[in-house]
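Asker: Got a structure here, written out as structure tokens. Questions coming.
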Amino acid sequence: MKNRFFIVLSRPVQRGMGVVLVLCCMILVVIALSIVGLLGYETGSFLKHVSPWQFLGGLTWDPPSFVEKPTDLMHAFGIIPLVVGTLLITCLAMGVGIPLGLSLAIYLACFSKPLMRTSLKSIIEILAGVPSIVYGFFALYVISPLFHTLFDLLTITITSESALTAGVVLGVMVVPYMASLADDALRAVPSALTDQALALGSTLTEMILKVQIPAALPGLLGAVLMGFSRAIGETMLVVMAAGLTAHLTFNPLNSVTTITVQIVSLMTGDQEFESAKTLSAFALGFVLFFITLILNTLILRISHGHRKKYGTS
Amino acid sequence: MVRLSRDVKHNLFKRFIYTCVVGTFLVFVLLFSSVLYKGIGGLFERTLPCQVNFVTHTPHAYYQLHKDHLRPGALKHLYDAYHKNPHFEGLLSLPSRDKAATFTFAKWFFSYNDSRYAESAGLWGALWGSLYVLLITLITALPIGLCAGIYLEELAPRHGLLSLLEIIIANLAAVPSILYGLLGLAMFIHACDMPRSSALVGGLTLALMSLPLLVTSTRQALRTVPQSLRDSAKALGASPLQATFHHVVPYAFPPIMTGIFISMARVLGETAPLLIVGLMIFNPGASPGFMNAATTLPMQIFMWSRHPEPQFIAKAAAAILVLILFLAILTLMALKFRRTHDRS
């Protein structure tokens with residue numbers, strides 16, 4: 001094999017390189033620490049303005065009203081409507097994304113022929129790389145008018161920035177991502193298991209439902225949770241498709257807002273860095289970080305246990 | 001309840017799965033065809049050559065005369081021509097609404113800056129902005145990410161500290177990208193006092209975001225190297241570093257490139273962190289430079305798609321087509337490297 005990276009590695013050079021490599025790793029640790037430190041610090045200074053109880057338990061989110069009358073804190077920074085909005089949109093997304101993503105994965109892993117499989121895998125890879133701004137455009141100019149006419153026919157009123165539009169498109173967006181992960185999980189099931197089931201006379205469907213899916217369950221769960229965590233942190237799509245004002249509602253036909261949308265709308269205006277409004281964006285960021293941290297710990301736990309069980313990666 | 005036979009159940013399940021798959025792809029076909037349909041209007045334009053005589057008409061009077069065939073912003077073109085030469089008498093190509101006008105590819109779309117007028121708003125600023133942001137991200141994140149990945153996979157001593165690092169990196173890769181925007185804002189703009197909205201700040205912020213991705217993909221690439229290669233290199237007397245850099249890394253070169261291309265595609269399409277560090281600015285006078293105010297391609301799409309005028313929405317769709325073209329090239333490069341690796 002041609003040696004493309006040939007460098008003479010004398011002892012001192014090797015020692016120097018070792019130090020450089022360790023420093024590169026340290027940079028990652030520094031980034032992690034600075035995210036936690038920054039969000040923690042700014043959230044701390046935000047909580048000097050607003051008590052944690054008011055922040056986590058408040059039922060209205062309306063930062064502009066804080067500027068008008070700063071005494072009325074209880075009605076300015078309550079995170080509950082944002083959390084409800086985020087969960088509503090994410091759950092709608094999962095309602096669309098889980099069935100479509102998992103059936104695509106089952107098709108890829110069990111039903112497709114090799115040529116179809118490789119070409120579909122490439123297509124899915126390209127689709128997973130389509131940025132969220134494209135889906136945002138799609139939601140805003142295609143799906144939203146479509147739903148509008150559709151619900152008009154049924155004589156149901158739907159707002160143009162409804163949670164339903166954002167949720168459905170978000171669900172479509174996580175499909176390629178989830179399908180690719182779930183496909184990997186299904187393929188990682190040892191063929192000894194699946195072959196035995198087929199040899200004992202079960203149909204392909206019975207094999208998939210009773211052997212392959214239960215065996216791959218932790219991996220599938222991991223794929224779903226990855227999709228979930230991605231959907232929670234998604235920004236551009238919801239900025240374009242969901243509303244800006246916070247309504248505390250569970251009705252998917254209404255307009256709701258999410259944590260990420262509020263971070264964007266708080267940070268893109270022109271206000272000084274230390275104001276309560278800007279600080280509240282960091283507090284929202286901290287909550288978001290905390291949620292994804294929990295989800296990710298769960299995913300790592302699941303995949304770790306799975307690896308132990310089968311002894312494969 | 002009727003008990004279905006096993007074969008019927010199998011057929012039903014198969015049909016359900018096939019329906020879901022076809023449905024999913026129909027949605028994606030709808031996505032791309034609708035963007036294509038809207039984007040055609042941005043990439044192509046109708047122009048109508050008009051006989052103009054500024055000696056007898058003022059631009060405004062001329063515009064009033066032919067208003068029905070011209071787009072609202074055509075007046076600007078007339079004034080531009082008038083300011084260049086007030087005694088103009090001859091043919092002038094104007095953007096038109098007329099169906100009989102010639103339908104041509106709008107080459108200027110790639111060389112004009114953003115503008116308030118849809119007839120002269122182009123992608124130039126966004127194109128160089130994206131290029132510079134991508135360059136800065138590559139220069140800063142690539143060496144660090146590769147080195148960290150190689151160290152963690154090949155050279156790091158296997159003990160508790162390593163697994164802690166692994167957990168940290170896995171968590172960093174899952175952090176929503178908007179939080180990197182907050183970090184970039186505090187770190188580069190407030191602490192280091194770099195100019196807001198510059199390509200430099202945007203690139204560095206995206207570098208923070210792409211580092212964990214690069215590390216993870218490099219490690220996965222190195223995992224494909226057979227253990228025998230490392231063992232034989234070491235058995236012949238190579239030090240760990242020599243074994244790594246002379247044998248393992250060259251062997252894993254194609255999958256490492258795959259990871260790099262995929263991270264580049266991600267950086268090119270990323271928007272949220274750039275929104276926070278202020279790359280969403282309208283600058284008709286954008287000029288290339290690392291410290292100059294910049295916008296990127298996705299940012300331009302976002303700004304145009306918020307305009308109420310339908311021409312700007314067509315522009316946004318056209319810009320999406322350009323962005324998807326770039327991303328498809330990057331992803332196909334990535335897949336090509338993976339395929340060469342699989343073959344060898």
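Chain identifiers are assigned as A, B, and so on, following the order in which chains appear in the structure tokens; residues are numbered from 1 within each chain, and ligands are numbered from 1 in order of appearance.
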Compute the chain A side of the contact with chain B at 8 Å, counting only C-alpha atoms, and hand it back as a PDB file with N, CA and C atoms, in the first residue's frame.
Answerer:
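File produced: part.pdb:
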ATOM      1  N   ASN A   3       2.256   4.691   0.917  1.00  0.00           N
ATOM      2  CA  ASN A   3       2.215   5.343   2.222  1.00  0.00           C
ATOM      3  C   ASN A   3       2.029   6.833   2.066  1.00  0.00           C
ATOM      4  N   ARG A   4       0.804   7.279   2.257  1.00  0.00           N
ATOM      5  CA  ARG A   4       0.487   8.664   1.954  1.00  0.00           C
ATOM      6  C   ARG A   4       0.918   9.609   3.068  1.00  0.00           C
ATOM      7  N   PHE A   5       1.041   9.083   4.251  1.00  0.00           N
ATOM      8  CA  PHE A   5       1.291   9.980   5.383  1.00  0.00           C
ATOM      9  C   PHE A   5       2.691   9.803   5.950  1.00  0.00           C
ATOM     10  N   PHE A   6       3.639   9.416   5.090  1.00  0.00           N
ATOM     11  CA  PHE A   6       4.930   9.063   5.667  1.00  0.00           C
ATOM     12  C   PHE A   6       5.634  10.290   6.218  1.00  0.00           C
ATOM     13  N   ILE A   7       5.901  10.250   7.508  1.00  0.00           N
ATOM     14  CA  ILE A   7       6.675  11.303   8.158  1.00  0.00           C
ATOM     15  C   ILE A   7       7.705  10.578   9.014  1.00  0.00           C
ATOM     16  N   LEU A   9       9.344   9.788  12.147  1.00  0.00           N
ATOM     17  CA  LEU A   9       8.935  10.017  13.517  1.00  0.00           C
ATOM     18  C   LEU A   9      10.092   9.705  14.460  1.00  0.00           C
ATOM     19  N   GLN A  14       7.911  12.281  18.303  1.00  0.00           N
ATOM     20  CA  GLN A  14       6.835  11.437  18.821  1.00  0.00           C
ATOM     21  C   GLN A  14       6.299  11.982  20.136  1.00  0.00           C
ATOM     22  N   LEU A  21      -1.694  15.585  20.619  1.00  0.00           N
ATOM     23  CA  LEU A  21      -2.907  14.769  20.549  1.00  0.00           C
ATOM     24  C   LEU A  21      -3.721  14.879  21.834  1.00  0.00           C
ATOM     25  N   VAL A  22      -3.023  14.834  22.980  1.00  0.00           N
ATOM     26  CA  VAL A  22      -3.744  14.946  24.251  1.00  0.00           C
ATOM     27  C   VAL A  22      -4.406  16.319  24.355  1.00  0.00           C
ATOM     28  N   CYS A  24      -5.555  18.129  21.955  1.00  0.00           N
ATOM     29  CA  CYS A  24      -6.751  18.147  21.119  1.00  0.00           C
ATOM     30  C   CYS A  24      -7.942  17.551  21.870  1.00  0.00           C
ATOM     31  N   CYS A  25      -7.672  16.463  22.598  1.00  0.00           N
ATOM     32  CA  CYS A  25      -8.756  15.872  23.392  1.00  0.00           C
ATOM     33  C   CYS A  25      -9.222  16.834  24.464  1.00  0.00           C
ATOM     34  N   LEU A  28     -11.909  19.304  23.556  1.00  0.00           N
ATOM     35  CA  LEU A  28     -13.284  18.803  23.620  1.00  0.00           C
ATOM     36  C   LEU A  28     -13.839  18.909  25.034  1.00  0.00           C
ATOM     37  N   VAL A  29     -12.976  18.546  26.011  1.00  0.00           N
ATOM     38  CA  VAL A  29     -13.425  18.638  27.402  1.00  0.00           C
ATOM     39  C   VAL A  29     -13.726  20.088  27.754  1.00  0.00           C
ATOM     40  N   ILE A  31     -14.715  22.437  25.736  1.00  0.00           N
ATOM     41  CA  ILE A  31     -15.995  22.829  25.127  1.00  0.00           C
ATOM     42  C   ILE A  31     -17.157  22.351  25.991  1.00  0.00           C
ATOM     43  N   ALA A  32     -17.067  21.078  26.416  1.00  0.00           N
ATOM     44  CA  ALA A  32     -18.158  20.525  27.228  1.00  0.00           C
ATOM     45  C   ALA A  32     -18.310  21.321  28.516  1.00  0.00           C
ATOM     46  N   SER A  34     -17.334  24.360  29.108  1.00  0.00           N
ATOM     47  CA  SER A  34     -17.770  25.737  28.928  1.00  0.00           C
ATOM     48  C   SER A  34     -19.259  25.812  28.600  1.00  0.00           C
ATOM     49  N   ILE A  35     -19.793  24.797  27.900  1.00  0.00           N
ATOM     50  CA  ILE A  35     -21.254  24.802  27.676  1.00  0.00           C
ATOM     51  C   ILE A  35     -21.975  24.737  29.013  1.00  0.00           C
ATOM     52  N   LEU A  38     -21.195  28.008  31.114  1.00  0.00           N
ATOM     53  CA  LEU A  38     -21.861  29.204  30.602  1.00  0.00           C
ATOM     54  C   LEU A  38     -23.357  29.162  30.892  1.00  0.00           C
ATOM     55  N   PRO A  99     -43.919   5.202  13.033  1.00  0.00           N
ATOM     56  CA  PRO A  99     -44.406   4.177  12.093  1.00  0.00           C
ATOM     57  C   PRO A  99     -43.681   4.207  10.750  1.00  0.00           C
ATOM     58  N   LEU A 100     -43.495   5.404  10.206  1.00  0.00           N
ATOM     59  CA  LEU A 100     -42.853   5.484   8.889  1.00  0.00           C
ATOM     60  C   LEU A 100     -41.388   5.041   8.965  1.00  0.00           C
ATOM     61  N   SER A 103     -41.106   1.204   9.711  1.00  0.00           N
ATOM     62  CA  SER A 103     -41.475   0.319   8.600  1.00  0.00           C
ATOM     63  C   SER A 103     -40.460   0.432   7.467  1.00  0.00           C
ATOM     64  N   LEU A 104     -39.897   1.624   7.291  1.00  0.00           N
ATOM     65  CA  LEU A 104     -38.829   1.753   6.293  1.00  0.00           C
ATOM     66  C   LEU A 104     -37.635   0.882   6.687  1.00  0.00           C
ATOM     67  N   ILE A 106     -37.713  -1.842   8.596  1.00  0.00           N
ATOM     68  CA  ILE A 106     -38.062  -3.255   8.443  1.00  0.00           C
ATOM     69  C   ILE A 106     -37.994  -3.648   6.970  1.00  0.00           C
ATOM     70  N   TYR A 107     -38.471  -2.738   6.118  1.00  0.00           N
ATOM     71  CA  TYR A 107     -38.397  -3.022   4.679  1.00  0.00           C
ATOM     72  C   TYR A 107     -36.938  -3.196   4.254  1.00  0.00           C
ATOM     73  N   SER A 122     -28.324   4.662   0.075  1.00  0.00           N
ATOM     74  CA  SER A 122     -27.683   5.900  -0.377  1.00  0.00           C
ATOM     75  C   SER A 122     -28.692   7.040  -0.403  1.00  0.00           C
ATOM     76  N   GLU A 125     -29.367   8.224   3.016  1.00  0.00           N
ATOM     77  CA  GLU A 125     -28.237   9.006   3.521  1.00  0.00           C
ATOM     78  C   GLU A 125     -28.298  10.448   3.011  1.00  0.00           C
ATOM     79  N   ILE A 126     -28.622  10.587   1.711  1.00  0.00           N
ATOM     80  CA  ILE A 126     -28.732  11.937   1.147  1.00  0.00           C
ATOM     81  C   ILE A 126     -29.893  12.682   1.797  1.00  0.00           C
ATOM     82  N   GLY A 129     -29.231  14.134   5.077  1.00  0.00           N
ATOM     83  CA  GLY A 129     -28.377  15.317   5.056  1.00  0.00           C
ATOM     84  C   GLY A 129     -29.096  16.574   4.607  1.00  0.00           C
ATOM     85  N   VAL A 130     -30.373  16.466   4.224  1.00  0.00           N
ATOM     86  CA  VAL A 130     -31.120  17.660   3.801  1.00  0.00           C
ATOM     87  C   VAL A 130     -31.330  18.551   5.017  1.00  0.00           C
ATOM     88  N   PRO A 131     -30.884  19.802   4.963  1.00  0.00           N
ATOM     89  CA  PRO A 131     -30.950  20.648   6.151  1.00  0.00           C
ATOM     90  C   PRO A 131     -32.380  21.015   6.516  1.00  0.00           C
ATOM     91  N   SER A 132     -32.571  21.367   7.796  1.00  0.00           N
ATOM     92  CA  SER A 132     -33.923  21.583   8.301  1.00  0.00           C
ATOM     93  C   SER A 132     -34.576  22.800   7.673  1.00  0.00           C
ATOM     94  N   ILE A 133     -33.770  23.724   7.157  1.00  0.00           N
ATOM     95  CA  ILE A 133     -34.364  24.922   6.547  1.00  0.00           C
ATOM     96  C   ILE A 133     -35.222  24.545   5.341  1.00  0.00           C
ATOM     97  N   VAL A 134     -34.807  23.468   4.640  1.00  0.00           N
ATOM     98  CA  VAL A 134     -35.575  23.011   3.477  1.00  0.00           C
ATOM     99  C   VAL A 134     -36.934  22.484   3.937  1.00  0.00           C
ATOM    100  N   TYR A 135     -36.923  21.724   5.033  1.00  0.00           N
ATOM    101  CA  TYR A 135     -38.189  21.216   5.567  1.00  0.00           C
ATOM    102  C   TYR A 135     -39.051  22.365   6.070  1.00  0.00           C
ATOM    103  N   PHE A 137     -39.165  25.410   4.828  1.00  0.00           N
ATOM    104  CA  PHE A 137     -39.760  25.996   3.624  1.00  0.00           C
ATOM    105  C   PHE A 137     -40.930  25.145   3.151  1.00  0.00           C
ATOM    106  N   PHE A 138     -40.720  23.828   3.144  1.00  0.00           N
ATOM    107  CA  PHE A 138     -41.739  22.872   2.722  1.00  0.00           C
ATOM    108  C   PHE A 138     -42.981  22.999   3.605  1.00  0.00           C
ATOM    109  N   VAL A 142     -45.920  24.572   1.478  1.00  0.00           N
ATOM    110  CA  VAL A 142     -46.639  23.457   0.849  1.00  0.00           C
ATOM    111  C   VAL A 142     -47.631  22.823   1.820  1.00  0.00           C
ATOM    112  N   VAL A 172     -41.599  13.793   9.379  1.00  0.00           N
ATOM    113  CA  VAL A 172     -41.030  13.371   8.097  1.00  0.00           C
ATOM    114  C   VAL A 172     -39.524  13.585   8.111  1.00  0.00           C
ATOM    115  N   THR A 203     -43.370 -17.940   9.373  1.00  0.00           N
ATOM    116  CA  THR A 203     -43.357 -17.086   8.183  1.00  0.00           C
ATOM    117  C   THR A 203     -42.414 -15.918   8.456  1.00  0.00           C
ATOM    118  N   LEU A 204     -42.085 -15.202   7.385  1.00  0.00           N
ATOM    119  CA  LEU A 204     -41.167 -14.072   7.524  1.00  0.00           C
ATOM    120  C   LEU A 204     -41.730 -13.060   8.520  1.00  0.00           C
ATOM    121  N   THR A 205     -43.049 -12.825   8.432  1.00  0.00           N
ATOM    122  CA  THR A 205     -43.680 -11.870   9.335  1.00  0.00           C
ATOM    123  C   THR A 205     -43.532 -12.306  10.787  1.00  0.00           C
ATOM    124  N   GLU A 206     -43.807 -13.601  11.044  1.00  0.00           N
ATOM    125  CA  GLU A 206     -43.687 -14.090  12.425  1.00  0.00           C
ATOM    126  C   GLU A 206     -42.259 -13.966  12.915  1.00  0.00           C
ATOM    127  N   SER A 229     -34.781  13.080  20.548  1.00  0.00           N
ATOM    128  CA  SER A 229     -33.893  14.132  21.046  1.00  0.00           C
ATOM    129  C   SER A 229     -33.592  15.128  19.930  1.00  0.00           C
ATOM    130  N   ARG A 230     -33.510  14.617  18.694  1.00  0.00           N
ATOM    131  CA  ARG A 230     -33.293  15.501  17.560  1.00  0.00           C
ATOM    132  C   ARG A 230     -34.499  16.408  17.333  1.00  0.00           C
ATOM    133  N   GLY A 233     -34.625  19.281  19.876  1.00  0.00           N
ATOM    134  CA  GLY A 233     -33.651  20.354  19.693  1.00  0.00           C
ATOM    135  C   GLY A 233     -33.741  21.034  18.344  1.00  0.00           C
ATOM    136  N   GLU A 234     -34.659  20.593  17.490  1.00  0.00           N
ATOM    137  CA  GLU A 234     -34.753  21.150  16.147  1.00  0.00           C
ATOM    138  C   GLU A 234     -35.193  22.609  16.207  1.00  0.00           C
ATOM    139  N   THR A 235     -34.543  23.450  15.422  1.00  0.00           N
ATOM    140  CA  THR A 235     -34.813  24.877  15.524  1.00  0.00           C
ATOM    141  C   THR A 235     -35.436  25.481  14.275  1.00  0.00           C
ATOM    142  N   MET A 236     -34.749  25.368  13.136  1.00  0.00           N
ATOM    143  CA  MET A 236     -35.155  26.156  11.971  1.00  0.00           C
ATOM    144  C   MET A 236     -36.561  25.808  11.504  1.00  0.00           C
ATOM    145  N   THR A 260     -36.916  26.245  21.532  1.00  0.00           N
ATOM    146  CA  THR A 260     -35.910  26.723  20.579  1.00  0.00           C
ATOM    147  C   THR A 260     -36.369  27.989  19.857  1.00  0.00           C
ATOM    148  N   VAL A 264     -34.408  31.687  19.834  1.00  0.00           N
ATOM    149  CA  VAL A 264     -34.089  32.464  18.637  1.00  0.00           C
ATOM    150  C   VAL A 264     -34.717  33.847  18.702  1.00  0.00           C
ATOM    151  N   MET A 267     -32.870  36.062  21.121  1.00  0.00           N
ATOM    152  CA  MET A 267     -31.472  36.395  20.846  1.00  0.00           C
ATOM    153  C   MET A 267     -31.278  37.178  19.562  1.00  0.00           C
ATOM    154  N   THR A 268     -32.285  37.235  18.683  1.00  0.00           N
ATOM    155  CA  THR A 268     -32.053  37.938  17.427  1.00  0.00           C
ATOM    156  C   THR A 268     -32.421  39.416  17.502  1.00  0.00           C
ATOM    157  N   PHE A 282     -30.716  31.996  27.924  1.00  0.00           N
ATOM    158  CA  PHE A 282     -29.733  31.034  28.426  1.00  0.00           C
ATOM    159  C   PHE A 282     -30.389  30.023  29.368  1.00  0.00           C
ATOM    160  N   GLY A 285     -32.006  27.583  27.298  1.00  0.00           N
ATOM    161  CA  GLY A 285     -30.969  26.718  26.759  1.00  0.00           C
ATOM    162  C   GLY A 285     -30.555  25.671  27.762  1.00  0.00           C
ATOM    163  N   LEU A 288     -33.152  22.963  27.888  1.00  0.00           N
ATOM    164  CA  LEU A 288     -33.028  22.142  26.684  1.00  0.00           C
ATOM    165  C   LEU A 288     -31.840  21.182  26.815  1.00  0.00           C
ATOM    166  N   PHE A 289     -30.723  21.728  27.287  1.00  0.00           N
ATOM    167  CA  PHE A 289     -29.517  20.930  27.473  1.00  0.00           C
ATOM    168  C   PHE A 289     -29.772  19.785  28.442  1.00  0.00           C
ATOM    169  N   THR A 292     -31.926  17.004  26.793  1.00  0.00           N
ATOM    170  CA  THR A 292     -31.174  16.147  25.866  1.00  0.00           C
ATOM    171  C   THR A 292     -30.139  15.321  26.607  1.00  0.00           C
ATOM    172  N   LEU A 293     -29.591  15.874  27.693  1.00  0.00           N
ATOM    173  CA  LEU A 293     -28.623  15.114  28.490  1.00  0.00           C
ATOM    174  C   LEU A 293     -29.273  13.854  29.050  1.00  0.00           C
ATOM    175  N   ASN A 296     -29.949  11.369  26.276  1.00  0.00           N
ATOM    176  CA  ASN A 296     -28.730  10.768  25.767  1.00  0.00           C
ATOM    177  C   ASN A 296     -28.153   9.747  26.744  1.00  0.00           C
ATOM    178  N   THR A 297     -28.254  10.071  28.041  1.00  0.00           N
ATOM    179  CA  THR A 297     -27.785   9.106  29.040  1.00  0.00           C
ATOM    180  C   THR A 297     -28.582   7.818  28.925  1.00  0.00           C
TER     181      THR A 297
END
Asker: Please provide as an NGL selection string all residues within 6 Å of stretch 286-297 of chain B, with the sequence filter that same-chain residues fewer than 4 positions apart are discarded (counting only C-alpha atoms).
Answerer: :B and (125-126 or 129-130 or 197-200 or 279)
Asker: Residues near A:Pro63, anyone? I mean within 7 Å using only C-alpha atoms, not counting same-chain ones fewer than 4 positions away, as a VMD selection string.
Answerer: chain A and resid 76 to 77 277
Asker: Which residues are close to B:Trp108, i.e. within 12 Å by only C-alpha atoms, leaving aside same-chain residues fewer than 2 positions away? Reply as a list of chain:residue names.
Answerer: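 So the residues in contact are B:Gly42, B:Leu43, B:Phe44, B:Glu45, B:Thr104, B:Phe105, B:Ala106, B:Phe110, B:Ser111, B:Tyr112, B:Asn113, B:Asp114, B:Glu119, B:Ser120, B:Ala121, B:Gly122, B:Leu123, B:Trp124.
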Asker: Can you write out the residues you just picked, keeping all heavy atoms, as a compact mmCIF listing (two decimals), in the first residue's frame?
Answerer:
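Below you can see again39.txt, which holds the result:
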# COMPACT_ATOMS: atom_id res chain seq x y z
N GLY B 42 -37.29 31.28 -9.81
CA GLY B 42 -36.17 32.05 -9.31
C GLY B 42 -34.94 31.88 -10.18
O GLY B 42 -34.12 32.79 -10.30
N LEU B 43 -34.78 30.69 -10.77
CA LEU B 43 -33.58 30.41 -11.54
C LEU B 43 -33.70 30.93 -12.98
O LEU B 43 -32.71 31.20 -13.62
CB LEU B 43 -33.31 28.91 -11.58
CG LEU B 43 -32.68 28.31 -10.33
CD1 LEU B 43 -32.53 26.82 -10.49
CD2 LEU B 43 -31.33 28.93 -10.05
N PHE B 44 -34.95 31.00 -13.46
CA PHE B 44 -35.14 31.49 -14.82
C PHE B 44 -35.89 32.81 -14.76
O PHE B 44 -36.56 33.11 -13.78
CB PHE B 44 -35.96 30.47 -15.64
CG PHE B 44 -35.21 29.20 -15.88
CD1 PHE B 44 -35.24 28.18 -14.95
CD2 PHE B 44 -34.46 29.05 -17.03
CE1 PHE B 44 -34.54 27.02 -15.17
CE2 PHE B 44 -33.76 27.88 -17.26
CZ PHE B 44 -33.80 26.86 -16.32
N GLU B 45 -35.78 33.60 -15.80
CA GLU B 45 -36.50 34.87 -15.78
C GLU B 45 -37.03 35.17 -17.17
O GLU B 45 -36.49 34.71 -18.17
CB GLU B 45 -35.59 35.98 -15.30
CG GLU B 45 -34.39 36.17 -16.21
CD GLU B 45 -33.60 37.40 -15.85
OE1 GLU B 45 -34.03 38.12 -14.96
OE2 GLU B 45 -32.56 37.62 -16.48
N THR B 104 -35.20 32.81 -20.01
CA THR B 104 -33.77 32.46 -20.00
C THR B 104 -33.29 32.15 -18.59
O THR B 104 -33.90 32.57 -17.61
CB THR B 104 -32.91 33.62 -20.54
OG1 THR B 104 -33.32 34.80 -19.85
CG2 THR B 104 -33.06 33.77 -22.03
N PHE B 105 -32.17 31.41 -18.53
CA PHE B 105 -31.55 31.10 -17.26
C PHE B 105 -30.93 32.38 -16.70
O PHE B 105 -30.21 33.08 -17.40
CB PHE B 105 -30.48 30.04 -17.47
CG PHE B 105 -29.88 29.55 -16.19
CD1 PHE B 105 -30.62 28.75 -15.33
CD2 PHE B 105 -28.59 29.89 -15.84
CE1 PHE B 105 -30.08 28.29 -14.15
CE2 PHE B 105 -28.04 29.43 -14.65
CZ PHE B 105 -28.79 28.64 -13.82
N ALA B 106 -31.24 32.67 -15.43
CA ALA B 106 -30.75 33.91 -14.85
C ALA B 106 -29.34 33.73 -14.31
O ALA B 106 -29.16 33.38 -13.15
CB ALA B 106 -31.71 34.37 -13.74
N PHE B 110 -26.27 34.29 -9.65
CA PHE B 110 -25.12 33.83 -8.88
C PHE B 110 -24.07 34.91 -8.66
O PHE B 110 -23.17 34.73 -7.87
CB PHE B 110 -24.48 32.63 -9.58
CG PHE B 110 -25.40 31.46 -9.67
CD1 PHE B 110 -26.16 31.25 -10.79
CD2 PHE B 110 -25.55 30.60 -8.59
CE1 PHE B 110 -27.04 30.19 -10.87
CE2 PHE B 110 -26.43 29.55 -8.66
CZ PHE B 110 -27.18 29.34 -9.79
N SER B 111 -24.17 36.01 -9.37
CA SER B 111 -23.11 37.01 -9.24
C SER B 111 -23.61 38.33 -8.65
O SER B 111 -22.82 39.24 -8.46
CB SER B 111 -22.47 37.26 -10.61
OG SER B 111 -23.46 37.66 -11.51
N TYR B 112 -24.90 38.42 -8.33
CA TYR B 112 -25.42 39.65 -7.73
C TYR B 112 -25.56 39.47 -6.23
O TYR B 112 -25.83 38.38 -5.74
CB TYR B 112 -26.80 39.98 -8.32
CG TYR B 112 -26.76 40.81 -9.57
CD1 TYR B 112 -25.86 40.51 -10.59
CD2 TYR B 112 -27.63 41.88 -9.73
CE1 TYR B 112 -25.84 41.25 -11.75
CE2 TYR B 112 -27.62 42.63 -10.90
CZ TYR B 112 -26.72 42.31 -11.90
OH TYR B 112 -26.72 43.04 -13.04
N ASN B 113 -25.41 40.58 -5.50
CA ASN B 113 -25.63 40.56 -4.07
C ASN B 113 -27.11 40.60 -3.75
O ASN B 113 -27.94 40.78 -4.63
CB ASN B 113 -24.95 41.77 -3.44
CG ASN B 113 -23.67 41.37 -2.76
OD1 ASN B 113 -23.59 40.30 -2.19
ND2 ASN B 113 -22.67 42.23 -2.84
N ASP B 114 -27.41 40.44 -2.47
CA ASP B 114 -28.79 40.55 -2.02
C ASP B 114 -29.29 41.97 -2.27
O ASP B 114 -28.50 42.91 -2.32
CB ASP B 114 -28.85 40.23 -0.52
CG ASP B 114 -30.27 39.98 -0.08
OD1 ASP B 114 -31.15 39.90 -0.95
OD2 ASP B 114 -30.49 39.86 1.14
N GLU B 119 -35.81 41.72 -8.57
CA GLU B 119 -35.21 41.57 -9.89
C GLU B 119 -33.70 41.56 -9.85
O GLU B 119 -33.05 41.14 -10.79
CB GLU B 119 -35.64 42.70 -10.83
CG GLU B 119 -37.08 42.68 -11.20
CD GLU B 119 -37.90 43.33 -10.14
OE1 GLU B 119 -37.30 44.02 -9.27
OE2 GLU B 119 -39.10 43.15 -10.11
N SER B 120 -33.12 42.09 -8.76
CA SER B 120 -31.66 42.14 -8.75
C SER B 120 -31.09 41.52 -7.48
O SER B 120 -29.98 41.80 -7.10
CB SER B 120 -31.20 43.58 -8.91
OG SER B 120 -31.73 44.36 -7.87
N ALA B 121 -31.88 40.66 -6.81
CA ALA B 121 -31.37 40.00 -5.61
C ALA B 121 -30.73 38.68 -6.02
O ALA B 121 -31.38 37.83 -6.60
CB ALA B 121 -32.49 39.76 -4.62
N GLY B 122 -29.45 38.54 -5.72
CA GLY B 122 -28.73 37.33 -6.12
C GLY B 122 -28.08 36.64 -4.95
O GLY B 122 -28.20 37.07 -3.79
N LEU B 123 -27.36 35.59 -5.26
CA LEU B 123 -26.81 34.72 -4.22
C LEU B 123 -25.35 34.99 -3.90
O LEU B 123 -24.78 34.30 -3.08
CB LEU B 123 -26.90 33.26 -4.70
CG LEU B 123 -28.16 32.49 -4.37
CD1 LEU B 123 -28.03 31.07 -4.85
CD2 LEU B 123 -28.39 32.50 -2.86
N TRP B 124 -24.72 35.96 -4.57
CA TRP B 124 -23.28 36.12 -4.48
C TRP B 124 -22.79 36.20 -3.03
O TRP B 124 -21.88 35.46 -2.62
CB TRP B 124 -22.85 37.36 -5.26
CG TRP B 124 -21.41 37.71 -5.11
CD1 TRP B 124 -20.90 38.85 -4.60
CD2 TRP B 124 -20.29 36.89 -5.49
NE1 TRP B 124 -19.54 38.81 -4.61
CE2 TRP B 124 -19.13 37.62 -5.16
CE3 TRP B 124 -20.15 35.64 -6.06
CZ2 TRP B 124 -17.86 37.12 -5.38
CZ3 TRP B 124 -18.87 35.15 -6.28
CH2 TRP B 124 -17.75 35.89 -5.95
Asker: Which of these, A:Ala216, A:Val189, A:Val239, A:Ile299, has the shortest distance to A:Val256 once you count only C-alpha atoms?
Answerer: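 Closest residue, counting only C-alpha atoms: A:Val239.
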